[in-house]
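The file upload-v4.csv comes next; it holds CSV, C-alpha atoms.
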```csv
chain,number,residue,atom,x,y,z
A,1,MET,CA,-5.1,-4.6,46.4
A,2,LYS,CA,-7.6,-5.1,49.2
A,3,ILE,CA,-11.2,-6.0,48.4
A,4,ASN,CA,-14.0,-4.7,50.5
A,5,LYS,CA,-15.8,-7.8,52.1
A,6,ARG,CA,-19.3,-6.3,51.5
A,7,SER,CA,-18.5,-5.7,47.8
A,8,ALA,CA,-17.2,-9.3,47.5
A,9,VAL,CA,-20.4,-10.7,48.9
A,10,ALA,CA,-22.6,-8.6,46.6
A,11,ALA,CA,-20.6,-9.7,43.6
A,12,ALA,CA,-21.0,-13.4,44.5
A,13,THR,CA,-24.7,-13.0,45.0
A,14,VAL,CA,-25.1,-11.5,41.5
A,15,MET,CA,-23.1,-14.3,40.0
A,16,LEU,CA,-25.1,-17.1,41.7
A,17,ALA,CA,-28.6,-15.6,41.0
A,18,PRO,CA,-28.8,-16.9,37.3
A,19,LEU,CA,-27.6,-20.4,38.5
A,20,ALA,CA,-30.4,-20.5,41.2
A,21,ALA,CA,-33.0,-19.6,38.6
A,22,ILE,CA,-31.9,-22.6,36.6
A,23,VAL,CA,-31.7,-25.2,39.3
A,24,LEU,CA,-34.8,-24.3,41.4
A,25,PRO,CA,-37.9,-26.1,40.1
A,26,ALA,CA,-41.1,-24.1,39.4
A,27,ALA,CA,-43.7,-24.3,42.1
A,28,PRO,CA,-46.5,-26.7,41.3
A,29,ALA,CA,-50.1,-25.5,40.9
A,30,ALA,CA,-51.8,-25.5,44.3
A,31,ALA,CA,-55.2,-26.7,43.1
A,32,HIS,CA,-56.9,-29.8,44.3
A,33,GLY,CA,-60.6,-30.9,44.5
A,34,TRP,CA,-63.2,-33.4,43.7
A,35,MET,CA,-67.0,-33.6,43.2
A,36,THR,CA,-68.9,-34.6,46.4
A,37,SER,CA,-72.5,-34.1,45.3
A,38,PRO,CA,-73.8,-36.2,43.6
A,39,PRO,CA,-71.0,-38.3,45.1
A,40,SER,CA,-68.3,-38.9,42.5
A,41,ARG,CA,-66.6,-42.2,42.1
A,42,GLN,CA,-63.5,-41.0,44.1
A,43,ASP,CA,-65.8,-39.6,46.8
A,44,GLN,CA,-67.4,-43.0,47.1
A,45,CYS,CA,-63.9,-44.5,47.5
A,46,ALA,CA,-62.9,-42.0,50.1
A,47,THR,CA,-66.1,-42.5,52.2
A,48,GLY,CA,-65.9,-46.3,52.0
A,49,VAL,CA,-69.1,-46.8,50.0
A,50,VAL,CA,-67.0,-48.6,47.4
A,51,ALA,CA,-64.0,-50.7,48.4
A,52,ASN,CA,-60.7,-51.8,46.7
A,53,CYS,CA,-60.1,-48.4,45.1
A,54,GLY,CA,-56.4,-48.2,45.8
A,55,GLN,CA,-54.7,-44.9,46.5
A,56,VAL,CA,-57.5,-42.7,45.3
A,57,ALA,CA,-59.4,-43.6,48.5
A,58,TYR,CA,-56.8,-41.6,50.4
A,59,GLU,CA,-56.5,-38.6,48.0
A,60,PRO,CA,-59.8,-38.1,46.1
A,61,GLN,CA,-58.7,-34.5,45.4
A,62,SER,CA,-55.7,-35.6,43.3
A,63,VAL,CA,-57.3,-36.9,40.1
A,64,GLU,CA,-55.3,-34.5,38.0
A,65,ALA,CA,-54.2,-34.9,34.4
A,66,PRO,CA,-53.6,-32.8,31.3
A,67,LYS,CA,-56.7,-31.0,29.9
A,68,GLY,CA,-58.8,-32.6,27.1
A,69,ALA,CA,-59.4,-36.1,28.5
A,70,ARG,CA,-62.9,-37.6,28.5
A,71,THR,CA,-62.4,-40.4,31.1
A,72,CYS,CA,-63.1,-40.5,34.8
A,73,SER,CA,-59.4,-40.8,35.7
A,74,GLY,CA,-58.5,-38.1,33.1
A,75,GLY,CA,-55.6,-40.4,32.1
A,76,SER,CA,-54.1,-40.3,35.6
A,77,SER,CA,-52.8,-43.3,37.5
A,78,PHE,CA,-56.2,-43.7,39.2
A,79,THR,CA,-57.6,-46.0,36.5
A,80,VAL,CA,-60.0,-47.8,38.8
A,81,LEU,CA,-62.3,-44.8,38.3
A,82,ASP,CA,-62.7,-45.8,34.6
A,83,ASN,CA,-64.1,-49.2,35.5
A,84,ASP,CA,-67.9,-48.9,35.0
A,85,ALA,CA,-68.4,-52.4,36.7
A,86,ALA,CA,-66.8,-51.5,40.0
A,87,GLY,CA,-70.1,-51.2,41.9
A,88,TRP,CA,-70.5,-47.5,41.9
A,89,ARG,CA,-73.7,-46.2,43.6
A,90,VAL,CA,-76.2,-44.4,41.5
A,91,SER,CA,-77.7,-41.1,42.7
A,92,ASN,CA,-81.3,-40.2,41.8
A,93,ILE,CA,-81.5,-36.6,40.6
A,94,GLY,CA,-83.9,-34.4,38.7
A,95,SER,CA,-83.5,-32.9,35.2
A,96,THR,CA,-82.3,-29.8,37.0
A,97,ALA,CA,-79.7,-30.6,39.7
A,98,SER,CA,-76.9,-29.1,41.7
A,99,PHE,CA,-73.4,-30.4,41.4
A,100,THR,CA,-70.9,-29.6,44.2
A,101,TRP,CA,-67.1,-29.6,44.2
A,102,ARG,CA,-65.0,-29.5,47.4
A,103,ASN,CA,-61.7,-27.7,46.9
A,104,THR,CA,-58.9,-28.4,49.3
A,105,ALA,CA,-56.6,-25.9,47.6
A,106,ALA,CA,-58.0,-23.3,45.2
A,107,HIS,CA,-56.4,-22.1,42.0
A,108,ARG,CA,-57.5,-19.7,39.3
A,109,THR,CA,-60.1,-21.4,37.1
A,110,LEU,CA,-60.6,-21.3,33.4
A,111,ASN,CA,-64.0,-23.1,33.5
A,112,TRP,CA,-65.9,-26.1,34.7
A,113,GLN,CA,-67.2,-28.5,32.0
A,114,TYR,CA,-69.9,-31.2,32.4
A,115,TYR,CA,-70.2,-34.1,30.0
A,116,VAL,CA,-73.2,-36.5,29.9
A,117,ASP,CA,-72.1,-39.8,28.5
A,118,GLY,CA,-69.2,-38.2,26.7
A,119,GLN,CA,-71.1,-35.3,25.2
A,120,LEU,CA,-70.5,-31.7,26.4
A,121,HIS,CA,-73.7,-30.6,28.2
A,122,GLN,CA,-72.8,-27.4,30.0
A,123,THR,CA,-69.8,-25.1,30.5
A,124,ILE,CA,-69.5,-22.7,33.5
A,125,SER,CA,-66.9,-20.0,33.4
A,126,GLY,CA,-64.4,-19.6,36.2
A,127,ASN,CA,-63.6,-16.0,35.3
A,128,ALA,CA,-59.9,-16.7,35.9
A,129,SER,CA,-60.6,-16.4,39.6
A,130,GLN,CA,-60.0,-18.6,42.6
A,131,PRO,CA,-63.1,-20.6,43.7
A,132,PRO,CA,-64.3,-21.0,47.3
A,133,SER,CA,-63.7,-24.2,49.2
A,134,THR,CA,-67.2,-25.4,48.2
A,135,VAL,CA,-68.6,-24.4,44.8
A,136,SER,CA,-72.0,-25.6,43.4
A,137,HIS,CA,-73.2,-25.5,39.8
A,138,THR,CA,-76.8,-26.0,38.6
A,139,LEU,CA,-77.2,-28.1,35.5
A,140,THR,CA,-80.5,-27.9,33.6
A,141,ASN,CA,-82.2,-30.0,30.9
A,142,LEU,CA,-80.4,-33.2,31.9
A,143,PRO,CA,-81.7,-36.1,29.8
A,144,ALA,CA,-83.9,-38.7,31.6
A,145,GLY,CA,-82.4,-42.1,32.5
A,146,ARG,CA,-79.2,-43.6,33.7
A,147,HIS,CA,-76.0,-41.6,32.8
A,148,LYS,CA,-72.4,-41.1,33.7
A,149,ILE,CA,-71.6,-37.4,34.2
A,150,LEU,CA,-68.0,-36.3,33.9
A,151,SER,CA,-67.1,-33.0,35.5
A,152,VAL,CA,-63.9,-31.3,34.5
A,153,TRP,CA,-62.3,-28.5,36.5
A,154,ASN,CA,-60.0,-26.7,34.0
A,155,ILE,CA,-57.2,-24.7,35.7
A,156,TYR,CA,-56.6,-21.3,34.2
A,157,ASP,CA,-52.8,-21.0,34.2
A,158,THR,CA,-51.6,-24.6,33.9
A,159,ALA,CA,-52.1,-27.3,31.3
A,160,ASN,CA,-53.9,-29.5,33.8
A,161,ALA,CA,-57.4,-30.2,34.9
A,162,PHE,CA,-59.2,-32.2,37.7
A,163,TYR,CA,-61.6,-35.0,36.8
A,164,ALA,CA,-64.6,-36.5,38.6
A,165,CYS,CA,-67.4,-38.8,37.4
A,166,ALA,CA,-70.8,-39.3,39.0
A,167,ASP,CA,-73.3,-42.1,38.1
A,168,VAL,CA,-76.8,-40.7,38.1
A,169,ASN,CA,-80.4,-41.7,37.3
A,170,VAL,CA,-82.2,-38.6,36.1
A,171,GLY,CA,-85.9,-38.6,36.9
A,172,GLY,CA,-85.9,-42.2,38.1
A,173,THR,CA,-86.4,-43.9,41.5
A,174,GLY,CA,-84.3,-47.1,41.0
A,175,GLY,CA,-80.6,-47.3,41.9
A,176,GLN,CA,-78.1,-49.8,40.9
A,177,PRO,CA,-79.3,-53.4,41.3
A,178,GLY,CA,-78.1,-55.0,44.5
A,179,THR,CA,-77.3,-51.8,46.4
A,180,PRO,CA,-79.1,-50.5,49.5
A,181,PRO,CA,-81.3,-47.4,49.3
A,182,THR,CA,-79.3,-44.1,49.1
A,183,GLY,CA,-81.8,-42.0,51.0
A,184,PRO,CA,-85.2,-40.4,49.9
A,185,THR,CA,-85.5,-38.0,47.1
A,186,THR,CA,-87.9,-35.1,46.7
A,187,PRO,CA,-91.4,-36.4,45.9
A,188,PRO,CA,-93.3,-35.1,42.8
A,189,GLY,CA,-95.2,-31.9,43.3
A,190,GLY,CA,-92.5,-30.2,45.5
A,191,ASP,CA,-94.0,-31.4,48.8
A,192,CYS,CA,-91.7,-31.9,51.8
A,193,ALA,CA,-89.5,-35.0,51.6
A,194,PRO,CA,-89.6,-37.9,54.1
A,195,ALA,CA,-88.2,-37.1,57.6
A,196,TRP,CA,-84.5,-37.3,58.3
A,197,SER,CA,-83.3,-40.4,60.0
A,198,ALA,CA,-80.1,-40.6,62.1
A,199,SER,CA,-79.6,-44.2,61.0
A,200,ALA,CA,-80.1,-43.8,57.3
A,201,VAL,CA,-77.4,-43.4,54.7
A,202,TYR,CA,-77.8,-40.4,52.4
A,203,THR,CA,-75.7,-39.6,49.3
A,204,GLY,CA,-75.3,-36.3,47.5
A,205,GLY,CA,-78.6,-34.9,46.1
A,206,ALA,CA,-80.8,-36.8,48.6
A,207,THR,CA,-83.5,-34.6,50.3
A,208,VAL,CA,-85.1,-34.9,53.7
A,209,SER,CA,-87.4,-32.8,55.9
A,210,HIS,CA,-86.3,-31.7,59.3
A,211,ALA,CA,-87.6,-29.0,61.7
A,212,GLY,CA,-90.1,-27.8,59.1
A,213,HIS,CA,-87.5,-27.3,56.4
A,214,LEU,CA,-86.4,-29.2,53.2
A,215,TRP,CA,-82.7,-30.2,53.2
A,216,SER,CA,-80.5,-31.4,50.4
A,217,ALA,CA,-77.3,-33.5,51.0
A,218,ARG,CA,-74.1,-32.1,49.4
A,219,TRP,CA,-72.3,-35.4,49.8
A,220,TRP,CA,-72.5,-38.8,51.5
A,221,THR,CA,-73.6,-38.6,55.1
A,222,GLN,CA,-75.0,-40.7,58.0
A,223,GLY,CA,-76.0,-39.4,61.4
A,224,GLU,CA,-75.3,-35.7,60.7
A,225,GLU,CA,-78.4,-33.7,61.7
A,226,PRO,CA,-79.6,-31.1,59.2
A,227,GLY,CA,-78.7,-27.6,60.3
A,228,SER,CA,-75.9,-28.8,62.7
A,229,GLY,CA,-73.0,-28.0,60.3
A,230,GLY,CA,-73.8,-24.4,59.4
A,231,GLN,CA,-73.7,-23.0,55.9
A,232,TRP,CA,-70.7,-25.2,54.9
A,233,GLY,CA,-72.1,-28.4,56.4
A,234,VAL,CA,-73.3,-31.5,54.5
A,235,TRP,CA,-77.0,-30.3,54.5
A,236,GLN,CA,-78.1,-27.4,52.4
A,237,ASP,CA,-81.3,-25.6,53.6
A,238,LYS,CA,-83.8,-25.4,50.8
A,239,GLY,CA,-86.4,-23.5,52.8
A,240,ALA,CA,-89.6,-24.1,54.6
A,241,CYS,CA,-91.9,-26.9,53.5
```
Reformat the file's structure so that it appears as structure tokens.
Amino acid sequence: MKINKRSAVAAATVMLAPLAAIVLPAAPAAAHGWMTSPPSRQDQCATGVVANCGQVAYEPQSVEAPKGARTCSGGSSFTVLDNDAAGWRVSNIGSTASFTWRNTAAHRTLNWQYYVDGQLHQTISGNASQPPSTVSHTLTNLPAGRHKILSVWNIYDTANAFYACADVNVGGTGGQPGTPPTGPTTPPGGDCAPAWSASAVYTGGATVSHAGHLWSARWWTQGEEPGSGGQWGVWQDKGAC
């Protein structure tokens, strides 16, 4: 009995389909990102502010681990981020401050959680949607003084999250002993900040005045003129001052 070639091919395809479903791995979640303002520990590694960080200096967006951790590494292999004595720069911020994440690959988001010294301070819903490449959250009623703030980006449809820690000084003017200034902050009373300097180093949250406007740095920068990067640049326009 002759068998039609087309029928034979179709039958073979049907037989192989279940096998392919078994051997082909599930696609990994395409979500990566890290906190840039105030500059997180991995951001400081990536920008060279802190040295000897290991592999995280080349992939700050990859601090990924199962949900539920309360450490800066999240339990990932980037354990250098858990070392509080590694010389992390401290950002001066107010009791109300903006925290910015930079996402290199977006994924549906359950929520963003912010912990102050291990205590949950604020949760921001992700509405099961994909975030933009840059997303900012405003935290309020932050306690005064020196703190470690852990930000957790919980992915909606996987068991994993992304972790980032920032060292901050809320309401203060002093940074970590032995480190150079990190750029001016907004003076009391809401007046315009000191003028931008092309030679100065600014970290996330630093504010300057330039061309009659107040500007806030989203992440570490030096020599980038406020207004030159457009709406997605390092400097965020806070209006006339």
Quiz prompt | Non-local contacts of A:His121 (9 Å; all atoms listed in the file; under 3 positions in same chain excluded) as a PyMOL selection string | solution = chain A and resi 113-116+118+139+141-142
Please give the centre and size of the box around stretch 110-128 of chain A (axis-aligned, containing every atom listed in the file, 4 Å added per side), with values in Å to one decimal and written as JSON.
```
{"center_x": -66.8, "center_y": -27.9, "center_z": 30.7, "size_x": 21.8, "size_y": 31.8, "size_z": 19.0}
```
Quiz item: By how many Å are atom CA of A:Val152 and atom CA of A:Val201 apart?
Solution: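 These atoms are spaced 27.1 Å apart.
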Quiz prompt | Best match for closeness to A:Thr96 among A:Ile149, A:Val80, A:Val170, A:Ala240, counting only C-alpha atoms | solution =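 Between A:Ile149, A:Val80, A:Val170, A:Ala240, the residue approaching A:Thr96 most closely is A:Val170.
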Could you give me, as a Markdown table, a per-residue list for stretch 24-142 of chain A showing, wherever an atom lies at most 12 Å from an atom of stretch 215-231 of chain A, the closest pair of atoms and their distance in Å to one decimal, using all atoms listed in the file and sorting by chain then residue number from low to high?
```
| residue | atom | partner | partner_atom | distance |
| --- | --- | --- | --- | --- |
| A:Trp34 | CA | A:Trp219 | CA | 11.1 |
| A:Met35 | CA | A:Trp219 | CA | 8.7 |
| A:Thr36 | CA | A:Trp219 | CA | 4.9 |
| A:Ser37 | CA | A:Trp219 | CA | 4.7 |
| A:Pro38 | CA | A:Trp219 | CA | 6.4 |
| A:Pro39 | CA | A:Trp219 | CA | 5.7 |
| A:Ser40 | CA | A:Trp219 | CA | 9.0 |
| A:Arg41 | CA | A:Trp220 | CA | 11.6 |
| A:Gln42 | CA | A:Trp220 | CA | 11.9 |
| A:Asp43 | CA | A:Trp220 | CA | 8.2 |
| A:Gln44 | CA | A:Trp220 | CA | 7.9 |
| A:Cys45 | CA | A:Trp220 | CA | 11.1 |
| A:Ala46 | CA | A:Trp220 | CA | 10.2 |
| A:Thr47 | CA | A:Trp220 | CA | 7.4 |
| A:Gly48 | CA | A:Trp220 | CA | 10.0 |
| A:Val49 | CA | A:Trp220 | CA | 8.8 |
| A:Val50 | CA | A:Trp220 | CA | 12.0 |
| A:Arg89 | CA | A:Trp220 | CA | 10.9 |
| A:Ser91 | CA | A:Trp220 | CA | 10.5 |
| A:Ile93 | CA | A:Ser216 | CA | 11.1 |
| A:Ala97 | CA | A:Ser216 | CA | 10.8 |
| A:Ser98 | CA | A:Arg218 | CA | 8.7 |
| A:Phe99 | CA | A:Arg218 | CA | 8.2 |
| A:Thr100 | CA | A:Arg218 | CA | 6.6 |
| A:Trp101 | CA | A:Arg218 | CA | 9.1 |
| A:Arg102 | CA | A:Arg218 | CA | 9.7 |
| A:Thr134 | CA | A:Arg218 | CA | 9.7 |
| A:Val135 | CA | A:Arg218 | CA | 10.5 |
| A:Ser136 | CA | A:Arg218 | CA | 9.1 |
| A:His137 | CA | A:Arg218 | CA | 11.7 |
```
Quiz prompt | Selection near A:Trp153, 8 Å with all atoms listed in the file, sequence-local residues under 3 positions removed, as a PyMOL selection string | solution = chain A and resi 109+111-113+161-163
Quiz item: Which one of A:Cys192, A:Ala65, A:Cys165, A:Ile155 sits closest to A:Cys241 if you count all atoms listed in the file?
Solution: A:Cys192
Quiz prompt | Given only C-alpha atoms as the counted atoms, nearest of A:Lys67, A:Arg108, A:His210, A:Arg146 to A:Ser125 | solution =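 Of A:Lys67, A:Arg108, A:His210, A:Arg146, the one nearest A:Ser125 is A:Arg108, counting only C-alpha atoms.
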Quiz item: Any idea what the distance is between atom CA of A:Ala105 and atom CA of A:His32?
Solution: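 Atom-to-atom, atom CA of A:Ala105 and atom CA of A:His32 are spaced 5.1 Å apart.
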Quiz item: Mind pulling up the distance from atom CA of A:Asn160 to atom CA of A:Gly74?
Solution: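 It comes out at 9.8 Å.
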